[in-house]
$ cat entry22.pdb   # PDB, C-alpha atoms
ATOM      1  CA  MET A 117       3.217  17.963   8.972  1.00  0.00           C
ATOM      2  CA  PRO A 118      -0.097  16.226   9.596  1.00  0.00           C
ATOM      3  CA  GLU A 119      -1.879  16.783  12.908  1.00  0.00           C
ATOM      4  CA  LEU A 120      -1.844  13.074  13.875  1.00  0.00           C
ATOM      5  CA  LEU A 121       1.149  10.849  13.190  1.00  0.00           C
ATOM      6  CA  THR A 122       1.105   7.096  12.828  1.00  0.00           C
ATOM      7  CA  VAL A 123       3.444   4.826  14.755  1.00  0.00           C
ATOM      8  CA  LYS A 124       5.413   4.280  11.539  1.00  0.00           C
ATOM      9  CA  ASP A 125       5.898   8.058  11.049  1.00  0.00           C
ATOM     10  CA  VAL A 126       7.162   8.547  14.610  1.00  0.00           C
ATOM     11  CA  ALA A 127       9.447   5.500  14.276  1.00  0.00           C
ATOM     12  CA  THR A 128      10.931   7.064  11.141  1.00  0.00           C
ATOM     13  CA  VAL A 129      11.509  10.399  12.900  1.00  0.00           C
ATOM     14  CA  LEU A 130      13.017   8.794  16.023  1.00  0.00           C
ATOM     15  CA  LYS A 131      14.962   6.211  13.974  1.00  0.00           C
ATOM     16  CA  CYS A 132      13.775   3.301  16.103  1.00  0.00           C
ATOM     17  CA  GLY A 133      11.410   0.362  15.782  1.00  0.00           C
ATOM     18  CA  GLU A 134       7.623   0.573  15.779  1.00  0.00           C
ATOM     19  CA  ASP A 135       7.417  -1.611  18.911  1.00  0.00           C
ATOM     20  CA  ALA A 136       9.634   0.852  20.771  1.00  0.00           C
ATOM     21  CA  VAL A 137       7.363   3.744  19.752  1.00  0.00           C
ATOM     22  CA  VAL A 138       4.279   1.886  21.002  1.00  0.00           C
ATOM     23  CA  LYS A 139       5.978   1.180  24.360  1.00  0.00           C
ATOM     24  CA  ARG A 140       7.213   4.766  24.769  1.00  0.00           C
ATOM     25  CA  PHE A 141       4.051   6.570  23.727  1.00  0.00           C
ATOM     26  CA  ALA A 142       1.240   4.214  24.813  1.00  0.00           C
ATOM     27  CA  GLU A 143       0.516   5.910  28.142  1.00  0.00           C
ATOM     28  CA  MET A 144       1.527   9.438  27.153  1.00  0.00           C
ATOM     29  CA  SER A 145      -1.082  12.190  27.143  1.00  0.00           C
ATOM     30  CA  GLY A 146      -2.002  13.391  23.652  1.00  0.00           C
ATOM     31  CA  VAL A 147      -1.850   9.882  22.192  1.00  0.00           C
ATOM     32  CA  ILE A 148      -5.052   8.354  20.842  1.00  0.00           C
ATOM     33  CA  ASP A 149      -5.357   4.570  21.180  1.00  0.00           C
ATOM     34  CA  LEU A 150      -7.684   3.199  18.485  1.00  0.00           C
ATOM     35  CA  GLY A 151      -6.962  -0.451  19.297  1.00  0.00           C
ATOM     36  CA  LYS A 152      -8.860  -3.100  21.245  1.00  0.00           C
ATOM     37  CA  PRO A 153      -8.386  -3.683  24.995  1.00  0.00           C
ATOM     38  CA  GLU A 154      -7.144  -7.023  26.255  1.00  0.00           C
ATOM     39  CA  THR A 155      -9.723  -9.607  27.283  1.00  0.00           C
ATOM     40  CA  ARG A 156      -9.351 -13.079  28.743  1.00  0.00           C
ATOM     41  CA  SER A 157      -9.445 -14.650  25.302  1.00  0.00           C
ATOM     42  CA  CYS A 158      -7.841 -11.964  23.125  1.00  0.00           C
ATOM     43  CA  ARG A 159      -4.586 -10.074  23.460  1.00  0.00           C
ATOM     44  CA  GLN A 160      -4.434  -6.286  23.424  1.00  0.00           C
ATOM     45  CA  TYR A 161      -4.160  -4.716  19.985  1.00  0.00           C
ATOM     46  CA  ARG A 162      -2.850  -1.154  19.826  1.00  0.00           C
ATOM     47  CA  VAL A 163      -3.321   1.289  16.983  1.00  0.00           C
ATOM     48  CA  LEU A 164      -1.898   4.623  18.074  1.00  0.00           C
ATOM     49  CA  ARG A 165      -2.274   8.075  16.601  1.00  0.00           C
ATOM     50  CA  ILE A 166       0.243  10.456  18.086  1.00  0.00           C
ATOM     51  CA  ARG A 167      -0.502  14.157  18.062  1.00  0.00           C
ATOM     52  CA  ARG A 168       2.102  16.452  16.631  1.00  0.00           C
ATOM     53  CA  LEU A 169       4.782  16.916  19.251  1.00  0.00           C
ATOM     54  CA  SER A 170       7.537  19.479  19.580  1.00  0.00           C
ATOM     55  CA  SER A 171      11.140  18.432  19.090  1.00  0.00           C
ATOM     56  CA  SER A 172      11.798  18.951  22.805  1.00  0.00           C
ATOM     57  CA  ASN A 173       9.161  16.318  23.714  1.00  0.00           C
ATOM     58  CA  LEU A 174      10.579  13.878  21.181  1.00  0.00           C
ATOM     59  CA  THR A 175      14.123  14.570  22.370  1.00  0.00           C
ATOM     60  CA  GLY A 176      13.068  13.667  25.914  1.00  0.00           C
ATOM     61  CA  LYS A 177      11.511  10.406  24.733  1.00  0.00           C
ATOM     62  CA  SER A 178      14.380   9.351  22.460  1.00  0.00           C
ATOM     63  CA  GLY A 179      17.267  10.486  24.667  1.00  0.00           C
ATOM     64  CA  ARG A 180      19.044  12.360  21.875  1.00  0.00           C
ATOM     65  CA  PRO A 181      18.461  15.460  19.726  1.00  0.00           C
ATOM     66  CA  VAL A 182      15.717  14.892  17.159  1.00  0.00           C
ATOM     67  CA  MET A 183      14.964  16.761  13.934  1.00  0.00           C
ATOM     68  CA  VAL A 184      11.205  16.531  13.320  1.00  0.00           C
ATOM     69  CA  GLU A 185      10.717  15.857   9.625  1.00  0.00           C
ATOM     70  CA  VAL A 186       8.094  13.341   8.549  1.00  0.00           C
ATOM     71  CA  PRO A 187       8.730  11.909   5.070  1.00  0.00           C
ATOM     72  CA  GLN A 188       6.137  12.525   2.365  1.00  0.00           C
ATOM     73  CA  ARG A 189       3.778   9.645   1.705  1.00  0.00           C
ATOM     74  CA  ALA A 190       2.029   8.990  -1.538  1.00  0.00           C
ATOM     75  CA  GLU A 191      -1.665   9.726  -1.454  1.00  0.00           C
ATOM     76  CA  ARG A 192      -3.620   6.498  -1.252  1.00  0.00           C
ATOM     77  CA  ARG A 193      -6.577   6.252  -3.567  1.00  0.00           C
ATOM     78  CA  ARG A 194      -9.287   3.675  -3.716  1.00  0.00           C
ATOM     79  CA  LYS A 195      -9.478   1.426  -6.710  1.00  0.00           C
ATOM     80  CA  SER A 196     -11.706   3.204  -9.158  1.00  0.00           C
ATOM     81  CA  PRO A 197     -13.111   2.352 -12.576  1.00  0.00           C
ATOM     82  CA  LYS A 198     -12.071   5.833 -13.737  1.00  0.00           C
ATOM     83  CA  TRP A 199      -8.446   5.699 -12.519  1.00  0.00           C
ATOM     84  CA  GLU A 200      -7.143   5.881 -16.094  1.00  0.00           C
ATOM     85  CA  ASP A 201      -9.092   9.094 -16.722  1.00  0.00           C
ATOM     86  CA  ARG A 202      -7.635  10.608 -13.542  1.00  0.00           C
ATOM     87  CA  ALA A 203      -4.117   9.534 -14.486  1.00  0.00           C
ATOM     88  CA  ILE A 204      -4.530  11.063 -17.971  1.00  0.00           C
ATOM     89  CA  LEU A 205      -5.694  14.362 -16.498  1.00  0.00           C
ATOM     90  CA  ASN A 206      -2.803  14.419 -14.015  1.00  0.00           C
ATOM     91  CA  LEU A 207      -0.275  13.687 -16.753  1.00  0.00           C
ATOM     92  CA  ALA A 208      -1.757  16.362 -19.017  1.00  0.00           C
ATOM     93  CA  LYS A 209      -1.609  18.908 -16.196  1.00  0.00           C
ATOM     94  CA  ALA A 210       2.034  18.052 -15.447  1.00  0.00           C
ATOM     95  CA  ALA A 211       2.911  18.300 -19.151  1.00  0.00           C
ATOM     96  CA  LEU A 212       1.289  21.729 -19.459  1.00  0.00           C
ATOM     97  CA  GLN A 213       3.042  23.002 -16.334  1.00  0.00           C
ATOM     98  CA  ASN A 214       6.416  21.808 -17.663  1.00  0.00           C
ATOM     99  CA  ASP A 215       5.762  22.827 -21.275  1.00  0.00           C
ATOM    100  CA  ALA A 216       6.330  19.268 -22.541  1.00  0.00           C
ATOM    101  CA  ARG A 217       4.231  18.420 -25.573  1.00  0.00           C
ATOM    102  CA  ASP A 218       6.371  16.070 -27.648  1.00  0.00           C
ATOM    103  CA  LYS A 219       5.506  12.399 -28.075  1.00  0.00           C
ATOM    104  CA  GLU A 220       8.933  11.166 -26.949  1.00  0.00           C
ATOM    105  CA  THR A 221       8.570  12.772 -23.503  1.00  0.00           C
ATOM    106  CA  PHE A 222       5.182  11.112 -22.944  1.00  0.00           C
ATOM    107  CA  ARG A 223       6.591   7.750 -24.060  1.00  0.00           C
ATOM    108  CA  ARG A 224       9.569   8.098 -21.684  1.00  0.00           C
ATOM    109  CA  VAL A 225       7.346   9.083 -18.723  1.00  0.00           C
ATOM    110  CA  ALA A 226       4.965   6.174 -19.359  1.00  0.00           C
ATOM    111  CA  GLU A 227       7.821   3.671 -19.657  1.00  0.00           C
ATOM    112  CA  ARG A 228       9.481   4.880 -16.445  1.00  0.00           C
ATOM    113  CA  ALA A 229       6.171   4.802 -14.574  1.00  0.00           C
ATOM    114  CA  ARG A 230       5.668   1.212 -15.737  1.00  0.00           C
ATOM    115  CA  LEU A 231       9.153   0.279 -14.520  1.00  0.00           C
ATOM    116  CA  LEU A 232       8.469   1.820 -11.101  1.00  0.00           C
ATOM    117  CA  THR A 233       5.614  -0.628 -10.580  1.00  0.00           C
ATOM    118  CA  HIS A 234       8.303  -3.340 -10.140  1.00  0.00           C
ATOM    119  CA  VAL A 235      10.137  -1.389  -7.398  1.00  0.00           C
ATOM    120  CA  PRO A 236       8.856  -1.159  -3.801  1.00  0.00           C
ATOM    121  CA  GLU A 237       7.245   2.245  -3.230  1.00  0.00           C
ATOM    122  CA  ASN A 238       9.566   3.124  -0.352  1.00  0.00           C
ATOM    123  CA  ARG A 239      12.549   2.836  -2.761  1.00  0.00           C
ATOM    124  CA  TRP A 240      11.198   5.131  -5.517  1.00  0.00           C
ATOM    125  CA  ALA A 241      13.184   8.113  -4.244  1.00  0.00           C
ATOM    126  CA  ASP A 242      16.414   6.098  -4.646  1.00  0.00           C
ATOM    127  CA  VAL A 243      15.852   5.371  -8.346  1.00  0.00           C
ATOM    128  CA  GLU A 244      18.091   7.313 -10.722  1.00  0.00           C
ATOM    129  CA  TRP A 245      17.193   7.665 -14.377  1.00  0.00           C
ATOM    130  CA  PHE A 246      19.868   7.845 -17.058  1.00  0.00           C
ATOM    131  CA  GLU A 247      19.247   9.375 -20.452  1.00  0.00           C
ATOM    132  CA  GLU A 248      18.896   6.793 -23.184  1.00  0.00           C
ATOM    133  CA  GLU A 249      21.474   6.648 -25.927  1.00  0.00           C
ATOM    134  CA  GLU A 250      19.982   6.922 -29.388  1.00  0.00           C
TER     135      GLU A 250
END

$ encode --input "entry22.pdb" --output "structure tokens"
Amino acid sequence: MPELLTVKDVATVLKCGEDAVVKRFAEMSGVIDLGKPETRSCRQYRVLRIRRLSSSNLTGKSGRPVMVEVPQRAERRRKSPKWEDRAILNLAKAALQNDARDKETFRRVAERARLLTHVPENRWADVEWFEEEE
């Protein structure tokens, strides 16, 4: 688990809304507030980073037993002119590790990756692939 959690990560663990997490954790020690303070002309804007907490601390905040398990997030990469080269190297490495060298496997992987671009990223784990009938 990462050292600092975002509000979204903690909301996922506690199974509550992001606003509730901000209210509960805003004044707690160990929470870093990266937002802007309120002024006469501008409302307060909070961006919290919450240090890794034990399940007992989270249980006290949520009022029920909590299993601390932050879901995996895809690594974000900046847009790069060489992204295709990186993708090719990653695919080649995965193929070598899985001993897949036939053309049909590469075609199937590329087609499924293209289809995933039309599905929201948070739903990728729910997608089930069925073998094609020849």

$ atom_distance --input "entry22.pdb" --atom1 "atom CA of A:Glu119" --atom2 "atom CA of A:Ile148"
12.0 Å

$ resolve_selection --input "entry22.pdb" --expression "the PyMOL selection byres ((chain A and resi 227-232) around 12)" --output "VMD selection string"
chain A and resid 203 207 220 to 226 233 to 248

$ atom_distance --input "entry22.pdb" --atom1 "atom CA of A:Gly151" --atom2 "atom CA of A:Val126"
17.4 Å

$ residues_near_point --input "entry22.pdb" --point "(-4.3, 13.7, 15.7)" --cutoff "10 Å" --atoms "only C-alpha atoms" --output "PyMOL selection string"
chain A and resi 118-122+146-148+164-168

$ atom_distance --input "entry22.pdb" --atom1 "atom CA of A:Leu130" --atom2 "atom CA of A:Glu154"
27.6 Å
